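One structure below.
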Amino acid sequence: MVSPSSFVEAFSQRFPQAPAPSLYRAPGRINLIGEHTDYNLGFVLPIALELACFTAVAPAAGGMLRVYSVNLGLTREIPVAELAGALPAKDWSDYVFGVAQQLVRAGYAGSACDLLVGSTVPTGGGLSSSAALEVSTALALLGGRGIGNLDLARLCQRAEREFVGMPCGIMDQYISIFGRQGAAVKIDCRSLEREYAVLPADVEIVAVNSMVKHELGSSAYRERVRECGEAVAVIQRHRPEAGSLRDVRRQELDEWKAEMDPVVFRRAAHVTSENERVEAFMEASRGGDLAGMGRLFVGSHRSLQHDYEVSCEELDFLVDTATGLPGVYGSRMTGGGFGGCTVNLVETGAVTAFEAGIAQAYRDRYGITPVFYQSRPAAGASQIG
Ligand code: GLA
């Protein structure tokens with residue numbers, strides 16, 4: 001399914017009347033550090049993955065935008081003329097039609113076509129399968145019509161916020177577009193500038209999929225966004241110019257602690273300290289300080305676990321187990337939380353034993369076999385055929 005030729009073949013079987021399709025790829029991501037900071041206009045440090053969503057597209061007759069999901073074996077369609085006012089169906093097709101709607105609203109006229117989408121990014125794994133779907137769909141529907149990369153990232157983010165109804169930050173769409181082979185990308189989510197970071201040699205990035213996804217994820221996400229807004233409202237009484245938690249250092253927060261609801265204070269403590277951890281991680285990485293990088297990973301996890309409260313028992317177990325294994329520098333949950341993956345910094349040469357140790361412990365405890373993704377930073381989205 002992943003090779004371009006087999007994907008094109010699948011397209012021709014599904015849509016026998018269609019001309020030869022064009023093919024686009026957009027990657028998923030692992031966020032190394034900087035969690036729940038993007039919608040607070042702070043810093044994140046993701047890598048794009050080889051795991052990706054592939055979209056094949058060809059023009060069609062009949063006025064419909066039709067999409068077939070290889071992973072689900074399902075087709076959805078909508079008249080192109082109805083795109084502008086379409087409402088979400090509350091399923092996977094919302095990512096596709098949400099992007100199509102945003103394109104129409106941005107002045108890119110829609111036309112009838114057939115799409116075939118297939119993804120190697122696991123859904124619900126916290127590796128951003130949705131942004132990969134959005135970005136590969138957007139490129140396919142643009143079909144070579146020019147758009148700036150930042151505009152493309154913002155457009156896909158709008159599709160998710162306005163159509164899917166998830167008040168996400170910009171990280172996932174941004175890294176899917178701006179990913180670079182061999183480098184992590186530090187994104188300043190306020191200026192939208194980026195800096196590339198090559199990690200020290202002799203360390204592998206290994207994601208471990210807990211294979212669980214707890215349902216409260218999206219409502220808790222909304223709640224966290226709201227709580228961060230509450231923290232900013234308190235801060236603005238004293239510092240009217242502070243537009244987001246990005247504008248505040250962790251230490252400064254203590255001044256306003258008495259005025260904040262204790263839960264809101266802990267949320268703000270996470271975000272402000274996490275921004276500082278991203279900067280410290282960059283510094284440690286530049287200096288080849290693997291132990292320091294690992295400590296920042298674990299610090300990030302503890303903050304997400306106790307202050308931001310977006311972890312879960314299974315993720316905590318994976319982190320605690322990982323940090324007790326030889327050759328592991330650090331471990332933390334990655335992505336929105338409540339299940340999905342941990343990301344681990346593991347000494348090259350220790351990866352096989354790490355995976356065996358984790359698999360054994362996780363199976364013994366939960367009866368679930370975790371899935372591993374050993375990941376090198378890959379390139380961002382592009383046309384591949
Ligand atoms: C989800 C969102 C991102 C980001 C992460 C948490 O993946 O889509 O914008 O907020 O959660 O860091």
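Identifiers in this document derive from the order of the structure tokens: chains are assigned A, B, ..., residues are numbered from 1 separately in each chain, and ligands are numbered from 1 in order of occurrence.
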Residues within 7 Å of ligand 1, counting only C-alpha atoms and all ligand atoms, as a short mmCIF file (atom, residue, chain, number, x, y, z; two decimals) with N, CA and C atoms, in the first residue's frame:
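Produced file out-v7.cif, reproduced below:
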data_model
loop_
_atom_site.label_atom_id
_atom_site.label_comp_id
_atom_site.auth_asym_id
_atom_site.auth_seq_id
_atom_site.Cartn_x
_atom_site.Cartn_y
_atom_site.Cartn_z
N GLY A 34 7.77 19.84 24.36
CA GLY A 34 6.95 21.03 24.12
C GLY A 34 5.52 20.58 23.91
N GLU A 35 4.90 20.04 24.98
CA GLU A 35 3.55 19.46 24.84
C GLU A 35 2.51 20.40 25.40
N HIS A 36 1.43 20.57 24.66
CA HIS A 36 0.34 21.48 25.03
C HIS A 36 0.85 22.92 25.18
N THR A 37 1.84 23.23 24.40
CA THR A 37 2.36 24.61 24.39
C THR A 37 1.94 25.33 23.11
N ASP A 38 1.58 24.59 22.05
CA ASP A 38 1.38 25.27 20.75
C ASP A 38 0.21 26.23 20.77
N TYR A 39 -0.92 25.82 21.40
CA TYR A 39 -2.07 26.73 21.43
C TYR A 39 -1.89 27.82 22.48
N GLY A 126 -1.61 9.25 18.76
CA GLY A 126 -0.95 10.50 19.14
C GLY A 126 0.19 10.86 18.20
N SER A 128 -0.46 12.04 15.13
CA SER A 128 -1.01 13.05 14.22
C SER A 128 -1.43 12.48 12.86
N CYS A 168 -7.27 22.85 18.15
CA CYS A 168 -5.85 22.48 18.21
C CYS A 168 -4.95 23.66 17.90
N GLY A 169 -3.67 23.49 18.24
CA GLY A 169 -2.64 24.46 17.86
C GLY A 169 -2.16 24.15 16.45
N ILE A 170 -1.01 24.74 16.10
CA ILE A 170 -0.54 24.66 14.71
C ILE A 170 0.51 23.54 14.51
N MET A 171 0.98 22.93 15.62
CA MET A 171 2.14 22.04 15.51
C MET A 171 1.99 20.95 14.45
N ASP A 172 0.88 20.21 14.48
CA ASP A 172 0.79 18.99 13.68
C ASP A 172 0.79 19.28 12.18
N GLY A 335 2.22 13.93 22.24
CA GLY A 335 0.92 14.23 21.64
C GLY A 335 -0.08 14.70 22.69
N GLY A 336 -1.35 14.63 22.37
CA GLY A 336 -2.39 15.19 23.23
C GLY A 336 -2.54 14.47 24.56
#
A:Gln236: which residues within 12 Å, counting only C-alpha atoms, same-chain residues fewer than 4 positions away excluded, as a VMD selection string? chain A and resid 229 to 232 240 to 245 247 to 248 253 256 259
For the residues in the current selection, export N, CA and C atoms as a JSON list (two decimals), in the first residue's frame.
[["chain", "number", "residue", "atom", "x", "y", "z"],
["A", 229, "GLY", "N", -6.65, 29.93, 29.16],
["A", 229, "GLY", "CA", -7.23, 31.25, 28.94],
["A", 229, "GLY", "C", -7.54, 31.94, 30.28],
["A", 230, "GLU", "N", -8.03, 31.17, 31.23],
["A", 230, "GLU", "CA", -8.32, 31.73, 32.56],
["A", 230, "GLU", "C", -7.06, 32.23, 33.24],
["A", 231, "ALA", "N", -5.99, 31.46, 33.10],
["A", 231, "ALA", "CA", -4.71, 31.88, 33.69],
["A", 231, "ALA", "C", -4.26, 33.20, 33.07],
["A", 232, "VAL", "N", -4.40, 33.31, 31.76],
["A", 232, "VAL", "CA", -3.97, 34.54, 31.08],
["A", 232, "VAL", "C", -4.81, 35.73, 31.57],
["A", 240, "PRO", "N", -1.09, 43.73, 31.41],
["A", 240, "PRO", "CA", -2.07, 43.77, 30.32],
["A", 240, "PRO", "C", -1.49, 43.38, 28.97],
["A", 241, "GLU", "N", -0.18, 43.55, 28.83],
["A", 241, "GLU", "CA", 0.44, 43.27, 27.52],
["A", 241, "GLU", "C", 0.67, 41.77, 27.30],
["A", 242, "ALA", "N", 0.51, 40.94, 28.33],
["A", 242, "ALA", "CA", 0.72, 39.49, 28.16],
["A", 242, "ALA", "C", -0.45, 38.90, 27.35],
["A", 243, "GLY", "N", -0.14, 38.40, 26.16],
["A", 243, "GLY", "CA", -1.21, 37.91, 25.29],
["A", 243, "GLY", "C", -1.47, 36.43, 25.45],
["A", 244, "SER", "N", -0.51, 35.71, 26.04],
["A", 244, "SER", "CA", -0.63, 34.26, 26.18],
["A", 244, "SER", "C", 0.35, 33.80, 27.24],
["A", 245, "LEU", "N", 0.29, 32.51, 27.59],
["A", 245, "LEU", "CA", 1.23, 31.98, 28.59],
["A", 245, "LEU", "C", 2.66, 32.01, 28.08],
["A", 247, "ASP", "N", 4.15, 34.49, 27.19],
["A", 247, "ASP", "CA", 4.78, 35.73, 27.63],
["A", 247, "ASP", "C", 5.21, 35.72, 29.09],
["A", 248, "VAL", "N", 5.10, 34.56, 29.73],
["A", 248, "VAL", "CA", 5.35, 34.49, 31.18],
["A", 248, "VAL", "C", 6.38, 33.40, 31.48],
["A", 253, "LEU", "N", 5.09, 33.29, 37.62],
["A", 253, "LEU", "CA", 3.74, 32.83, 37.93],
["A", 253, "LEU", "C", 3.42, 32.88, 39.41],
["A", 256, "TRP", "N", 1.32, 35.53, 41.15],
["A", 256, "TRP", "CA", -0.14, 35.64, 40.96],
["A", 256, "TRP", "C", -0.87, 34.40, 41.45],
["A", 259, "GLU", "N", -4.13, 34.46, 43.40],
["A", 259, "GLU", "CA", -5.34, 34.90, 42.69],
["A", 259, "GLU", "C", -5.90, 33.84, 41.75]]
Quick one: contact table of stretch 207-236 of chain A to stretch 367-375 of chain A, 12 Å max, nearest atom pair and distance in Å to one decimal per residue, counting only C-alpha atoms, chain and number order, as a Markdown table?
| residue | atom | partner | partner_atom | distance |
| --- | --- | --- | --- | --- |
| A:Ala207 | CA | A:Tyr373 | CA | 5.1 |
| A:Val208 | CA | A:Phe372 | CA | 4.7 |
| A:Asn209 | CA | A:Val371 | CA | 5.0 |
| A:Ser210 | CA | A:Pro370 | CA | 5.4 |
| A:Met211 | CA | A:Pro370 | CA | 6.2 |
| A:Val212 | CA | A:Ile368 | CA | 9.1 |
Using the selection just defined, write its residues with C-alpha atoms as a compact mmCIF listing (two decimals), in the first residue's frame.
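Heads up, here's the output in result_30.txt:
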# COMPACT_ATOMS: atom_id res chain seq x y z
CA ALA A 207 7.91 5.62 20.04
CA VAL A 208 5.94 3.04 22.00
CA ASN A 209 2.24 2.78 21.25
CA SER A 210 0.27 1.97 24.39
CA MET A 211 -2.59 0.83 22.10
CA VAL A 212 -5.08 2.56 24.37
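Shortest separation to A:Lys257 among A:Val234, A:Val278, A:Ile78, A:Ile187 occurs at residue A:Val234, atoms counted being only C-alpha atoms.
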Residue set, stretch 38-273 of chain A restricted to strand (DSSP E or B), as number ranges by chain: A: 43-44, 46-59, 64-69, 74-79, 113-119, 180, 183-188, 194-197, 203-213
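Between A:Ser218 and the residues A:Asp188, A:Ala269, A:Met166, A:Cys341, the shortest atom-to-atom distance, using only C-alpha atoms, involves A:Met166.
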Considering only C-alpha atoms, state which residue in the set A:Ile358, A:Ala81, A:Leu116, A:Leu290 is at the smallest distance from A:Tyr329. A:Leu290
Which of stretch 27-259 of chain A counts as helix (DSSP H, G or I) under DSSP, as a PyMOL selection string please? chain A and resi 38-40+80-85+93-105+129-142+149-164+171-178+217-238+245-247+250-259
Just-selected residues, C-alpha atoms written as a short mmCIF file (atom, residue, chain, number, x, y, z; two decimals), in the first residue's frame:
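Produced file result_4.cif, reproduced below:
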data_model
loop_
_atom_site.label_atom_id
_atom_site.label_comp_id
_atom_site.auth_asym_id
_atom_site.auth_seq_id
_atom_site.Cartn_x
_atom_site.Cartn_y
_atom_site.Cartn_z
CA ASP A 38 1.38 25.27 20.75
CA TYR A 39 -2.07 26.73 21.43
CA ASN A 40 -0.40 28.84 24.11
CA VAL A 80 -18.80 19.97 -4.89
CA ALA A 81 -21.50 22.66 -5.12
CA GLU A 82 -22.44 21.99 -1.48
CA LEU A 83 -18.92 22.14 -0.05
CA ALA A 84 -19.02 25.75 1.06
CA GLY A 85 -21.95 25.16 3.43
CA SER A 93 -14.34 12.23 6.26
CA ASP A 94 -14.54 15.50 8.22
CA TYR A 95 -10.79 15.95 7.82
CA VAL A 96 -11.11 15.60 4.06
CA PHE A 97 -14.24 17.68 3.50
CA GLY A 98 -13.19 20.23 6.13
CA VAL A 99 -10.03 20.89 4.14
CA ALA A 100 -11.99 20.97 0.86
CA GLN A 101 -14.34 23.55 2.40
CA GLN A 102 -11.49 25.73 3.63
CA LEU A 103 -9.92 25.65 0.17
CA VAL A 104 -13.19 26.85 -1.39
CA ARG A 105 -13.48 29.59 1.23
CA SER A 129 -2.74 10.86 11.68
CA SER A 130 -5.35 13.61 11.27
CA ALA A 131 -2.93 16.34 10.22
CA ALA A 132 -1.28 13.89 7.80
CA LEU A 133 -4.70 13.27 6.25
CA GLU A 134 -5.51 16.98 6.12
CA VAL A 135 -2.24 18.01 4.53
CA SER A 136 -2.10 15.23 1.93
CA THR A 137 -5.74 15.95 1.02
CA ALA A 138 -5.09 19.68 0.74
CA LEU A 139 -2.13 19.12 -1.59
CA ALA A 140 -4.16 16.66 -3.68
CA LEU A 141 -7.09 19.07 -4.00
CA LEU A 142 -4.80 21.99 -4.81
CA ASN A 149 3.46 26.67 3.05
CA LEU A 150 2.45 28.70 6.09
CA ASP A 151 -0.92 29.46 4.54
CA LEU A 152 -1.34 25.76 3.85
CA ALA A 153 -0.57 24.90 7.50
CA ARG A 154 -3.00 27.54 8.75
CA LEU A 155 -5.70 26.40 6.32
CA CYS A 156 -5.46 22.79 7.50
CA GLN A 157 -5.49 23.93 11.13
CA ARG A 158 -8.65 25.97 10.43
CA ALA A 159 -10.28 22.87 8.93
CA GLU A 160 -9.63 21.02 12.17
CA ARG A 161 -10.72 23.88 14.42
CA GLU A 162 -13.78 25.02 12.50
CA PHE A 163 -15.08 21.87 10.80
CA VAL A 164 -13.86 19.01 12.97
CA MET A 171 2.14 22.04 15.51
CA ASP A 172 0.79 18.99 13.68
CA GLN A 173 -0.05 20.66 10.38
CA TYR A 174 3.14 22.72 10.49
CA ILE A 175 5.53 19.80 10.98
CA SER A 176 3.72 17.69 8.38
CA ILE A 177 4.56 20.44 5.87
CA PHE A 178 7.92 21.73 7.15
CA GLY A 217 -9.30 13.11 25.32
CA SER A 218 -11.09 15.72 23.23
CA SER A 219 -13.26 17.19 26.00
CA ALA A 220 -10.22 17.39 28.29
CA TYR A 221 -8.29 19.16 25.50
CA ARG A 222 -10.99 21.83 25.25
CA GLU A 223 -10.99 22.19 29.03
CA ARG A 224 -7.21 22.70 29.08
CA VAL A 225 -7.47 25.38 26.39
CA ARG A 226 -10.09 27.15 28.51
CA GLU A 227 -8.07 26.84 31.73
CA CYS A 228 -5.03 28.36 30.05
CA GLY A 229 -7.23 31.25 28.94
CA GLU A 230 -8.32 31.73 32.56
CA ALA A 231 -4.71 31.88 33.69
CA VAL A 232 -3.97 34.54 31.08
CA ALA A 233 -6.97 36.60 32.27
CA VAL A 234 -5.53 36.69 35.81
CA ILE A 235 -2.05 37.57 34.54
CA GLN A 236 -3.46 40.39 32.42
CA ARG A 237 -4.74 42.16 35.55
CA HIS A 238 -1.09 42.85 36.31
CA LEU A 245 1.23 31.98 28.59
CA ARG A 246 4.14 32.29 26.21
CA ASP A 247 4.78 35.73 27.63
CA ARG A 250 7.51 29.85 35.25
CA GLN A 251 9.00 31.80 38.19
CA GLU A 252 6.90 34.88 37.58
CA LEU A 253 3.74 32.83 37.93
CA ASP A 254 4.21 32.48 41.69
CA GLU A 255 3.44 36.18 42.10
CA TRP A 256 -0.14 35.64 40.96
CA LYS A 257 -0.65 32.22 42.51
CA ALA A 258 -2.96 33.46 45.26
CA GLU A 259 -5.34 34.90 42.69
#
Leaving out A:Arg190 and any residue of its chain fewer than 2 positions from it, which residues lie within 8 Å of it when counting only C-alpha atoms, given as a ChimeraX atom specification? /A:41-42,188,192
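Of the residues under consideration (A:Ala106, A:Val67, A:Leu49, A:Val298), A:Val67 shows the shortest atom-to-atom contact distance to A:Pro79 when counting only C-alpha atoms.
Residue nearest A:Ala20 within the list A:Glu279, A:Glu347, A:Glu50, A:Asp114: A:Asp114 [criterion: smallest interatomic distance, only C-alpha atoms].
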